[in-house]
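Pasting structure-v5.cif here (mmCIF, C-alpha atoms):
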```
data_structure
loop_
_atom_site.group_PDB
_atom_site.id
_atom_site.type_symbol
_atom_site.label_atom_id
_atom_site.label_comp_id
_atom_site.auth_asym_id
_atom_site.auth_seq_id
_atom_site.Cartn_x
_atom_site.Cartn_y
_atom_site.Cartn_z
ATOM 1 C CA MET M 1 18.110 -18.596 20.198
ATOM 2 C CA GLY M 2 21.621 -19.346 18.947
ATOM 3 C CA HIS M 3 23.409 -17.557 16.128
ATOM 4 C CA ARG M 4 22.765 -20.263 13.538
ATOM 5 C CA GLN M 5 19.096 -20.783 14.432
ATOM 6 C CA SER M 6 18.503 -17.014 14.416
ATOM 7 C CA LEU M 7 20.053 -16.709 10.980
ATOM 8 C CA LEU M 8 18.043 -19.618 9.619
ATOM 9 C CA ALA M 9 14.776 -18.302 11.084
ATOM 10 C CA ALA M 10 15.509 -14.814 9.701
ATOM 11 C CA LEU M 11 16.239 -16.216 6.227
ATOM 12 C CA VAL M 12 13.083 -18.352 6.149
ATOM 13 C CA LEU M 13 10.819 -15.559 7.408
ATOM 14 C CA SER M 14 12.341 -12.988 5.019
ATOM 15 C CA ALA M 15 11.817 -15.332 2.077
ATOM 16 C CA LEU M 16 8.221 -15.774 3.239
ATOM 17 C CA PHE M 17 7.620 -12.010 3.550
ATOM 18 C CA THR M 18 9.192 -11.364 0.138
ATOM 19 C CA SER M 19 7.035 -14.035 -1.500
ATOM 20 C CA ALA M 20 3.980 -12.612 0.270
ATOM 21 C CA LEU M 21 4.794 -9.146 -1.122
ATOM 22 C CA VAL M 22 4.982 -10.482 -4.690
ATOM 23 C CA TYR M 23 1.915 -12.651 -4.296
ATOM 24 C CA ALA M 24 -0.181 -9.887 -2.731
ATOM 25 C CA THR M 25 0.805 -7.351 -5.406
ATOM 26 C CA VAL M 26 -0.102 -9.692 -8.231
ATOM 27 C CA GLU M 27 -3.029 -11.589 -6.783
ATOM 28 C CA ILE M 28 -4.979 -9.049 -4.704
ATOM 29 C CA PRO M 29 -6.000 -6.892 -7.716
ATOM 30 C CA ILE M 30 -7.052 -10.050 -9.615
ATOM 31 C CA ALA M 31 -9.021 -11.400 -6.637
ATOM 32 C CA THR M 32 -10.629 -7.977 -6.077
ATOM 33 C CA ASP M 33 -11.513 -7.772 -9.754
ATOM 34 C CA SER M 34 -13.173 -11.212 -9.643
ATOM 35 C CA LEU M 35 -15.080 -10.259 -6.498
ATOM 36 C CA LEU M 36 -16.310 -6.962 -7.924
ATOM 37 C CA LYS M 37 -17.434 -8.610 -11.155
ATOM 38 C CA GLN M 38 -20.137 -10.339 -9.119
ATOM 39 C CA PHE M 39 -21.640 -6.935 -8.387
ATOM 40 C CA PHE M 40 -20.664 -4.873 -11.433
ATOM 41 C CA PRO M 41 -20.994 -6.269 -14.971
ATOM 42 C CA ASP M 42 -17.884 -6.153 -17.189
ATOM 43 C CA TYR M 43 -19.294 -4.661 -20.385
ATOM 44 C CA GLY M 44 -15.788 -4.470 -21.850
ATOM 45 C CA LEU M 45 -15.766 -8.227 -22.320
ATOM 46 C CA THR M 46 -18.916 -8.103 -24.407
ATOM 47 C CA PHE M 47 -17.829 -4.971 -26.334
ATOM 48 C CA GLU M 48 -20.797 -2.945 -25.071
ATOM 49 C CA TRP M 49 -18.826 0.293 -24.825
ATOM 50 C CA GLY M 50 -21.890 2.532 -24.440
ATOM 51 C CA LYS M 51 -23.070 0.592 -21.398
ATOM 52 C CA ALA M 52 -19.513 0.466 -20.037
ATOM 53 C CA GLN M 53 -19.300 4.258 -20.258
ATOM 54 C CA GLU M 54 -22.642 4.648 -18.469
ATOM 55 C CA LEU M 55 -21.457 2.341 -15.688
ATOM 56 C CA VAL M 56 -18.227 4.286 -15.253
ATOM 57 C CA GLN M 57 -20.215 7.538 -15.084
ATOM 58 C CA ALA M 58 -22.413 6.030 -12.381
ATOM 59 C CA LEU M 59 -19.451 4.731 -10.376
ATOM 60 C CA ARG M 60 -17.257 7.815 -10.656
ATOM 61 C CA PRO M 61 -18.554 9.495 -7.447
ATOM 62 C CA LEU M 62 -17.813 6.250 -5.578
ATOM 63 C CA GLY M 63 -14.292 6.310 -7.000
ATOM 64 C CA TYR M 64 -13.708 9.874 -5.820
ATOM 65 C CA VAL M 65 -15.050 9.032 -2.333
ATOM 66 C CA ALA M 66 -12.762 5.977 -2.135
ATOM 67 C CA PHE M 67 -9.789 8.046 -3.303
ATOM 68 C CA LEU M 68 -10.498 10.676 -0.636
ATOM 69 C CA CYS M 69 -10.762 7.891 1.977
ATOM 70 C CA VAL M 70 -7.285 6.665 1.043
ATOM 71 C CA LEU M 71 -5.840 10.171 1.241
ATOM 72 C CA SER M 72 -7.593 10.654 4.616
ATOM 73 C CA LEU M 73 -6.027 7.408 5.856
ATOM 74 C CA MET M 74 -2.570 8.690 4.968
ATOM 75 C CA ILE M 75 -3.168 12.085 6.589
ATOM 76 C CA THR M 76 -4.788 10.550 9.711
ATOM 77 C CA GLY M 77 -1.740 8.295 10.116
ATOM 78 C CA PHE M 78 0.440 11.425 10.285
ATOM 79 C CA VAL M 79 -1.843 13.328 12.592
ATOM 80 C CA ILE M 80 -2.301 10.595 15.206
ATOM 81 C CA ASN M 81 1.246 9.249 14.895
ATOM 82 C CA ARG M 82 0.112 5.890 13.558
ATOM 83 C CA TRP M 83 2.542 5.600 10.649
ATOM 84 C CA ARG M 84 1.290 2.145 9.739
ATOM 85 C CA LEU M 85 -1.976 3.795 8.690
ATOM 86 C CA THR M 86 -0.014 6.112 6.413
ATOM 87 C CA VAL M 87 1.807 3.153 4.863
ATOM 88 C CA LEU M 88 -1.507 1.314 4.464
ATOM 89 C CA GLY M 89 -2.951 4.346 2.675
ATOM 90 C CA ALA M 90 0.175 4.546 0.518
ATOM 91 C CA LEU M 91 -0.142 0.880 -0.437
ATOM 92 C CA ASP M 92 -3.698 1.502 -1.590
ATOM 93 C CA VAL M 93 -2.424 3.775 -4.307
ATOM 94 C CA LEU M 94 0.064 1.165 -5.475
ATOM 95 C CA PRO M 95 0.423 1.653 -9.209
ATOM 96 C CA SER M 96 -0.734 -1.724 -10.422
ATOM 97 C CA ARG M 97 -2.977 -1.984 -13.435
ATOM 98 C CA HIS M 98 -4.999 -5.076 -13.621
ATOM 99 C CA ARG M 99 -5.331 -6.469 -17.092
ATOM 100 C CA HIS M 100 -8.009 -8.947 -17.767
ATOM 101 C CA PRO M 101 -6.485 -12.371 -18.547
ATOM 102 C CA ASN M 102 -8.326 -12.427 -21.878
ATOM 103 C CA ALA M 103 -7.327 -8.926 -22.888
ATOM 104 C CA MET K 1 -6.519 -1.981 -5.304
ATOM 105 C CA PHE K 2 -6.686 0.837 -7.816
ATOM 106 C CA PHE K 3 -10.398 0.325 -8.148
ATOM 107 C CA LEU K 4 -10.861 0.513 -4.382
ATOM 108 C CA ALA K 5 -8.684 3.583 -4.189
ATOM 109 C CA GLY K 6 -10.820 5.275 -6.760
ATOM 110 C CA ILE K 7 -7.958 5.552 -9.177
ATOM 111 C CA GLY K 8 -9.437 2.868 -11.386
ATOM 112 C CA ILE K 9 -12.279 5.290 -11.933
ATOM 113 C CA LEU K 10 -9.945 8.256 -12.314
ATOM 114 C CA MET K 11 -8.114 6.332 -15.048
ATOM 115 C CA LEU K 12 -11.269 6.427 -17.115
ATOM 116 C CA ASP K 13 -12.042 10.000 -16.189
ATOM 117 C CA ALA K 14 -12.452 12.734 -18.772
ATOM 118 C CA SER K 15 -9.134 14.211 -17.655
ATOM 119 C CA PRO K 16 -6.701 11.318 -17.240
ATOM 120 C CA ALA K 17 -3.859 13.840 -17.340
ATOM 121 C CA ILE K 18 -4.168 14.019 -13.538
ATOM 122 C CA LEU K 19 -2.637 10.571 -13.290
ATOM 123 C CA LYS K 20 0.371 11.668 -15.339
ATOM 124 C CA LEU K 21 1.310 14.505 -12.978
ATOM 125 C CA GLY K 22 4.172 12.451 -11.585
ATOM 126 C CA GLY K 23 5.783 11.948 -15.000
ATOM 127 C CA ILE K 24 9.149 13.184 -13.758
ATOM 128 C CA VAL K 25 9.668 9.782 -12.109
ATOM 129 C CA TYR K 26 10.214 8.307 -15.584
ATOM 130 C CA LEU K 27 13.268 10.460 -16.225
ATOM 131 C CA PRO K 28 15.960 8.259 -14.584
ATOM 132 C CA TYR K 29 14.487 5.206 -16.267
ATOM 133 C CA ILE K 30 14.313 6.867 -19.688
ATOM 134 C CA ALA K 31 17.964 7.920 -19.305
ATOM 135 C CA LEU K 32 18.951 4.351 -18.462
ATOM 136 C CA VAL K 33 16.964 2.900 -21.362
ATOM 137 C CA ALA K 34 18.518 5.490 -23.720
ATOM 138 C CA LEU K 35 21.997 4.296 -22.706
ATOM 139 C CA PHE K 36 21.078 0.749 -23.678
ATOM 140 C CA ARG K 37 19.559 1.996 -26.907
ATOM 141 C CA LEU K 38 22.940 3.421 -27.861
ATOM 142 C CA LEU K 39 24.143 -0.161 -27.809
ATOM 143 C CA GLY K 40 21.202 -1.205 -29.948
ATOM 144 C CA ILE K 41 19.343 -2.906 -27.100
ATOM 145 C CA ASP K 42 15.673 -2.239 -26.359
ATOM 146 C CA ALA K 43 15.874 -2.559 -22.576
ATOM 147 C CA TRP K 44 12.558 -1.095 -21.365
ATOM 148 C CA ILE K 45 10.838 -4.374 -20.470
ATOM 149 C CA PRO K 46 13.896 -6.434 -19.366
ATOM 150 C CA LEU K 47 15.110 -3.527 -17.239
ATOM 151 C CA SER K 48 11.755 -3.261 -15.476
ATOM 152 C CA PHE K 49 12.085 -6.903 -14.427
ATOM 153 C CA ILE K 50 15.666 -6.266 -13.266
ATOM 154 C CA VAL K 51 14.496 -3.289 -11.156
ATOM 155 C CA MET K 52 11.663 -5.367 -9.689
ATOM 156 C CA GLY K 53 14.078 -8.228 -8.942
ATOM 157 C CA ALA K 54 16.579 -5.841 -7.364
ATOM 158 C CA GLY K 55 13.794 -4.397 -5.215
ATOM 159 C CA LEU K 56 12.762 -7.811 -3.975
ATOM 160 C CA PHE K 57 16.402 -8.711 -3.270
ATOM 161 C CA VAL K 58 16.968 -5.508 -1.264
ATOM 162 C CA PHE K 59 13.694 -6.092 0.609
ATOM 163 C CA PHE K 60 14.801 -9.662 1.386
ATOM 164 C CA LEU K 61 18.235 -8.524 2.644
ATOM 165 C CA GLY K 62 16.648 -5.790 4.766
ATOM 166 C CA ALA K 63 14.087 -8.128 6.303
ATOM 167 C CA THR K 64 16.772 -10.766 7.006
ATOM 168 C CA ALA K 65 19.081 -8.287 8.767
ATOM 169 C CA TRP K 66 16.240 -6.773 10.774
ATOM 170 C CA LEU K 67 14.816 -10.134 11.863
ATOM 171 C CA TYR K 68 18.279 -11.502 12.700
ATOM 172 C CA GLY K 69 18.943 -8.404 14.809
ATOM 173 C CA LYS K 70 15.643 -8.835 16.646
ATOM 174 C CA PHE K 71 16.269 -12.550 17.289
ATOM 175 C CA MET K 72 19.763 -11.797 18.633
ATOM 176 C CA GLY K 73 18.409 -9.031 20.865
ATOM 177 C CA VAL K 74 20.226 -6.202 19.052
ATOM 178 C CA GLY K 75 18.442 -2.894 19.686
ATOM 179 C CA LEU K 76 19.701 -0.836 16.765
ATOM 180 C CA VAL K 77 20.361 -2.841 13.600
ATOM 181 C CA THR K 78 23.334 -1.276 11.760
ATOM 182 C CA PHE K 79 24.961 -4.274 10.107
ATOM 183 C CA TRP K 80 24.776 -6.029 6.707
ATOM 184 C CA ILE K 81 22.605 -4.019 4.325
ATOM 185 C CA TYR K 82 21.827 -1.489 7.083
ATOM 186 C CA ARG K 83 25.455 -0.321 6.742
ATOM 187 C CA TYR K 84 24.560 1.133 3.332
ATOM 188 C CA SER K 85 20.904 2.106 3.709
ATOM 189 C CA ARG K 86 18.910 3.088 6.782
ATOM 190 C CA HIS K 87 15.614 1.916 5.246
ATOM 191 C CA PRO K 88 16.367 -1.068 2.989
ATOM 192 C CA GLN K 89 12.879 -2.547 3.273
ATOM 193 C CA TYR K 90 11.199 0.668 2.145
ATOM 194 C CA LEU K 91 13.836 1.027 -0.576
ATOM 195 C CA GLY K 92 13.162 -2.535 -1.737
ATOM 196 C CA PHE K 93 9.437 -1.913 -1.887
ATOM 197 C CA LEU K 94 9.892 1.349 -3.788
ATOM 198 C CA LEU K 95 12.194 -0.327 -6.340
ATOM 199 C CA TRP K 96 9.764 -3.212 -6.767
ATOM 200 C CA SER K 97 6.800 -0.916 -7.332
ATOM 201 C CA TYR K 98 8.882 1.362 -9.608
ATOM 202 C CA GLY K 99 9.737 -1.595 -11.833
ATOM 203 C CA LEU K 100 6.064 -2.525 -11.853
ATOM 204 C CA LEU K 101 5.113 1.034 -12.863
ATOM 205 C CA MET K 102 7.647 0.983 -15.716
ATOM 206 C CA LEU K 103 6.374 -2.371 -16.924
ATOM 207 C CA THR K 104 2.702 -1.411 -16.835
ATOM 208 C CA SER K 105 3.421 1.935 -18.511
ATOM 209 C CA ILE K 106 4.503 0.296 -21.739
ATOM 210 C CA LEU K 107 1.861 -2.410 -21.886
ATOM 211 C CA GLY K 108 -0.921 -1.735 -24.344
ATOM 212 C CA SER K 109 -4.510 -1.293 -23.286
ATOM 213 C CA PRO K 110 -7.206 -3.784 -24.278
ATOM 214 C CA MET K 111 -8.953 -3.107 -27.597
ATOM 215 C CA GLY K 112 -6.618 -0.238 -28.363
ATOM 216 C CA GLY K 113 -8.036 1.909 -25.563
ATOM 217 C CA TYR K 114 -5.964 4.448 -23.674
ATOM 218 C CA ILE K 115 -5.109 4.042 -20.009
ATOM 219 C CA PRO K 116 -2.666 6.688 -18.800
ATOM 220 C CA PRO K 117 0.394 5.470 -16.895
ATOM 221 C CA PRO K 118 -0.282 6.117 -13.191
ATOM 222 C CA SER K 119 2.844 8.066 -12.294
ATOM 223 C CA LEU K 120 1.126 10.401 -9.802
ATOM 224 C CA PRO K 121 -0.064 7.514 -7.581
ATOM 225 C CA TRP K 122 3.500 6.159 -7.515
ATOM 226 C CA LEU K 123 4.834 9.592 -6.617
ATOM 227 C CA LEU K 124 2.274 9.853 -3.779
ATOM 228 C CA LEU K 125 3.232 6.380 -2.607
ATOM 229 C CA ALA K 126 6.939 7.276 -2.622
ATOM 230 C CA LEU K 127 6.388 10.571 -0.765
ATOM 231 C CA ALA K 128 4.221 8.849 1.870
ATOM 232 C CA ILE K 129 6.844 6.168 2.418
ATOM 233 C CA VAL K 130 9.695 8.682 2.605
ATOM 234 C CA SER K 131 7.791 10.770 5.145
ATOM 235 C CA THR K 132 6.970 7.653 7.199
ATOM 236 C CA ALA K 133 10.657 6.734 7.201
ATOM 237 C CA ALA K 134 11.532 10.275 8.312
ATOM 238 C CA MET K 135 8.996 10.044 11.176
ATOM 239 C CA GLU K 136 10.489 6.720 12.251
ATOM 240 C CA GLU K 137 13.948 8.274 12.226
ATOM 241 C CA ASN K 138 12.854 10.932 14.678
ATOM 242 C CA ALA K 139 11.415 8.243 16.959
ATOM 243 C CA MET K 140 14.701 6.311 16.702
ATOM 244 C CA THR K 141 16.659 9.452 17.569
ATOM 245 C CA ARG K 142 14.538 9.956 20.686
ATOM 246 C CA ARG K 143 15.064 6.300 21.629
ATOM 247 C CA TYR K 144 18.768 5.812 20.895
ATOM 248 C CA GLY K 145 20.052 9.413 21.004
ATOM 249 C CA GLU K 146 23.686 9.966 20.046
ATOM 250 C CA LYS K 147 24.120 6.373 18.890
ATOM 251 C CA TYR K 148 21.453 6.817 16.202
ATOM 252 C CA LEU K 149 22.700 10.278 15.177
ATOM 253 C CA GLU K 150 26.165 8.818 14.626
ATOM 254 C CA TYR K 151 24.666 5.981 12.527
ATOM 255 C CA ARG K 152 22.604 8.491 10.533
ATOM 256 C CA SER K 153 25.656 10.629 9.800
ATOM 257 C CA ARG K 154 27.574 7.768 8.152
ATOM 258 C CA THR K 155 24.748 5.872 6.385
ATOM 259 C CA ALA K 156 22.571 6.878 3.437
ATOM 260 C CA PHE K 157 18.845 7.494 3.987
ATOM 261 C CA MET K 158 17.809 5.006 1.305
ATOM 262 C CA ILE K 159 20.074 4.980 -1.745
ATOM 263 C CA PRO K 160 23.821 5.316 -1.217
ATOM 264 C CA LEU K 161 24.638 8.285 -3.462
ATOM 265 C CA LEU K 162 27.798 10.246 -4.066
ATOM 266 C CA ARG K 163 28.032 13.092 -1.552
ATOM 267 C CA ASP K 164 27.579 15.782 -4.243
ATOM 268 C CA ILE K 165 24.422 14.185 -5.672
ATOM 269 C CA SER K 166 23.075 13.668 -2.166
ATOM 270 C CA SER K 167 23.693 17.344 -1.338
ATOM 271 C CA LEU K 168 21.898 18.380 -4.524
ATOM 272 C CA VAL K 169 18.859 16.208 -3.735
ATOM 273 C CA THR K 170 18.577 17.474 -0.143
ATOM 274 C CA PHE K 171 19.312 21.102 -1.037
ATOM 275 C CA PRO K 172 15.629 22.266 -1.109
ATOM 276 C CA ALA K 173 15.031 20.716 2.344
ATOM 277 C CA ARG K 174 18.113 22.383 3.813
ATOM 278 C CA LEU K 175 17.167 25.667 2.185
ATOM 279 C CA ILE K 176 13.651 25.585 3.668
ATOM 280 C CA LEU K 177 14.520 24.340 7.130
ATOM 281 C CA LYS K 178 17.967 25.912 7.548
ATOM 282 C CA LYS K 179 19.100 22.635 9.077
ATOM 283 C CA GLU K 180 20.148 19.161 7.976
ATOM 284 C CA TRP K 181 17.085 17.182 9.029
ATOM 285 C CA PRO K 182 13.362 17.851 9.768
ATOM 286 C CA GLU K 183 12.861 17.341 13.488
ATOM 287 C CA SER K 184 9.100 17.519 13.879
ATOM 288 C CA LYS K 185 5.995 16.167 12.180
ATOM 289 C CA ARG K 186 5.114 19.614 10.896
ATOM 290 C CA GLU K 187 8.559 20.078 9.339
ATOM 291 C CA ILE K 188 8.373 16.662 7.647
ATOM 292 C CA ILE K 189 4.941 17.387 6.154
ATOM 293 C CA TYR K 190 6.129 20.838 5.065
ATOM 294 C CA VAL K 191 9.228 19.465 3.331
ATOM 295 C CA ILE K 192 7.351 16.583 1.682
ATOM 296 C CA THR K 193 4.685 18.988 0.385
ATOM 297 C CA ILE K 194 7.376 21.248 -1.109
ATOM 298 C CA TYR K 195 9.132 18.282 -2.737
ATOM 299 C CA GLY K 196 5.799 16.953 -4.041
ATOM 300 C CA THR K 197 4.953 20.340 -5.531
ATOM 301 C CA ILE K 198 8.388 20.693 -7.162
ATOM 302 C CA LEU K 199 8.149 17.205 -8.669
ATOM 303 C CA VAL K 200 4.610 17.770 -9.998
ATOM 304 C CA LEU K 201 5.677 21.097 -11.548
ATOM 305 C CA LEU K 202 8.686 19.421 -13.154
ATOM 306 C CA SER K 203 6.306 16.780 -14.532
ATOM 307 C CA LEU K 204 4.167 19.305 -16.418
ATOM 308 C CA PRO K 205 6.449 19.445 -19.497
ATOM 309 C CA MET K 206 6.286 15.656 -19.656
ATOM 310 C CA LEU K 207 2.484 15.498 -19.913
ATOM 311 C CA PRO K 208 2.450 15.023 -23.716
ATOM 312 C CA LEU K 209 4.652 11.936 -23.337
ATOM 313 C CA PHE K 210 3.102 8.520 -22.719
#
```

Using structure tokens, write down the structure that the file contains.
Amino acid sequence: MGHRQSLLAALVLSALFTSALVYATVEIPIATDSLLKQFFPDYGLTFEWGKAQELVQALRPLGYVAFLCVLSLMITGFVINRWRLTVLGALDVLPSRHRHPNA
Amino acid sequence: MFFLAGIGILMLDASPAILKLGGIVYLPYIALVALFRLLGIDAWIPLSFIVMGAGLFVFFLGATAWLYGKFMGVGLVTFWIYRYSRHPQYLGFLLWSYGLLMLTSILGSPMGGYIPPPSLPWLLLALAIVSTAAMEENAMTRRYGEKYLEYRSRTAFMIPLLRDISSLVTFPARLILKKEWPESKREIIYVITIYGTILVLLSLPMLPLF
């Protein structure tokens, strides 16, 4: 590939990767939220705080297990020299807070 | 993703203070916002967008240089943004997510509820990415030898800092290891754990904030 074509291809692909990063960060939590709502009711929307609290209590062990899984992924990546696993684990703790569109 | 990681649940836990154990990461941002406040400008939200934009720009420049180098068959990419930072793509991602953290920290919670700002997850993310970059550096040193060591000696790890500030930041690592750079996996994990512990301890006085 020539100098000009290489530069053009690099620019196009970088723009694509950058857009993908933004899109994934914004959209994945929203898509996940929509998916999970099919299985777990969103009592917050109907102001049923008592039921919401009960649901959170019931799901808390699952949350801790999932959190430990993410930490294990990061540690396993180090141990077996698969750094991509560590990065994947790190991305799972990305500090994004999904706000409901109606909130 | 927070929900899947279990942190969505931890946010609603009886002790949400856990999530604030990385509060020290707010300090540089608070200092910057305070400077603007002296000029009568409330910069918290606009600045978070600027940081996010800067992160994306750095990520874009890093990806462009790296891809161009690969297409041209260059083994070790040391030009363009790689002249100033050895890990511009990681730096870009960290800046982007930092801006996102700052933005979400100031947004109110629905129905007046309280959701603590997740500074500890960001700190964990940053430490994991820094340690991954350090591991990659050791692999690059094995692959390119002297050529990479020479590049490392003249280019910043991530953020080009003044030499004095850089020495101050790396002082604990040099003190622990008695050398400039961790050379094995064990040393990297050891150093990252020490840094993580120091940063969490420094965050304790900031718990009442936010």

**Prompt:** Counting only C-alpha atoms, which of K:Ser184, K:Thr193, K:Ser119, K:Thr170 gets nearest to Met206 (chain K)?
**Reply:** K:Ser119

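Excluding Leu55 (chain M) itself and any same-chain residue fewer than 2 positions from it, the protein and nucleic acid residues within 12 Å of it, counting only C-alpha atoms, are Phe39, Phe40, Pro41, Asp42, Tyr43, Gly44, Glu48, Trp49, Gly50, Lys51, Ala52, Gln53, Gln57, Ala58, Leu59, Arg60, Pro61, Leu62 and Gly63 of chain M; Ile9 and Leu12 of chain K.
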
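Our summary of the geometry notes that CA of Val51 (chain K) is positioned 28.5 Å from CA of Leu76 (chain K).
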
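Atom pair CA of Leu71 (chain M) / CA of Ile30 (chain M) has a distance of 23.0 Å (rounded to one decimal).
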
**Request:** Select, counting only C-alpha atoms, all protein, DNA and RNA residues no farther than 7 Å from (12.0, 1.8, -12.6) in file coordinates, and express the selection as a ChimeraX atom specification.
**Result:** /K:29,48,51,95,98-99,101-102

**Request:** Tell me which residues the PyMOL selection byres ((chain K and resi 44) around 8) grabs here, as a PyMOL selection string.
**Result:** chain K and resi 33+42-43+45-48+102-103

For the selection just defined, write its residues with C-alpha atoms to a file, as a PDB file, in the frame of the given file.
```pdb
ATOM      1  CA  VAL K  33      16.964   2.900 -21.362  1.00  0.00           C
ATOM      2  CA  ASP K  42      15.673  -2.239 -26.359  1.00  0.00           C
ATOM      3  CA  ALA K  43      15.874  -2.559 -22.576  1.00  0.00           C
ATOM      4  CA  ILE K  45      10.838  -4.374 -20.470  1.00  0.00           C
ATOM      5  CA  PRO K  46      13.896  -6.434 -19.366  1.00  0.00           C
ATOM      6  CA  LEU K  47      15.110  -3.527 -17.239  1.00  0.00           C
ATOM      7  CA  SER K  48      11.755  -3.261 -15.476  1.00  0.00           C
ATOM      8  CA  MET K 102       7.647   0.983 -15.716  1.00  0.00           C
ATOM      9  CA  LEU K 103       6.374  -2.371 -16.924  1.00  0.00           C
TER      10      LEU K 103
END
```

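Distance-wise, CA of Val79 (chain M) and CA of Val191 (chain K) end up 15.7 Å apart.
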
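Within the file as shown, the PyMOL selection byres ((chain K and resi 141) around 12) identifies Leu76, Ala134, Met135, Glu136, Glu137, Asn138, Ala139, Met140, Arg142, Arg143, Tyr144, Gly145, Glu146, Lys147, Tyr148, Leu149, Glu150, Tyr151, Arg152, Ser153, Trp181, Pro182, Glu183 and Ser184 of chain K.
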
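Of the listed residues K:Ala34, K:Ile194, K:Ala65, K:Leu91, the one whose atoms come nearest to Met52 (chain K) is K:Leu91, with distances taken using all atoms listed in the file.
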
**Request:** Translate the PyMOL selection byres ((chain K and resi 67) around 9), as applied to the file shown, into an explicit residue set as an NGL selection string.
**Result:** (:M and (6-7 or 9-11 or 13-14)) or (:K and (62-66 or 68-72))

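For the residues M:Ile80, M:Leu73, M:Leu35, M:Val56, ranking by smallest atom-to-atom distance to chain K using only C-alpha atoms places M:Val56 first.
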
**Prompt:** When distances are computed from all atoms listed in the file, which of K:Leu107, K:Leu204, K:Val169, K:Leu56 shows the smallest separation from chain M?
**Reply:** K:Leu56

**Prompt:** Any idea what's packed within 6 Å of region 154-162 of chain K, counting all atoms listed in the file, ignoring anything in its chain fewer than 6 positions away? Could you give it as JSON, numbers by chain?
**Reply:** {"K": [84, 85, 86, 87, 91]}

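Closest approach to Ala15 (chain M) among K:Leu61, K:Ile41, K:Leu32, K:Leu19 is made by K:Leu61 (distances from only C-alpha atoms).
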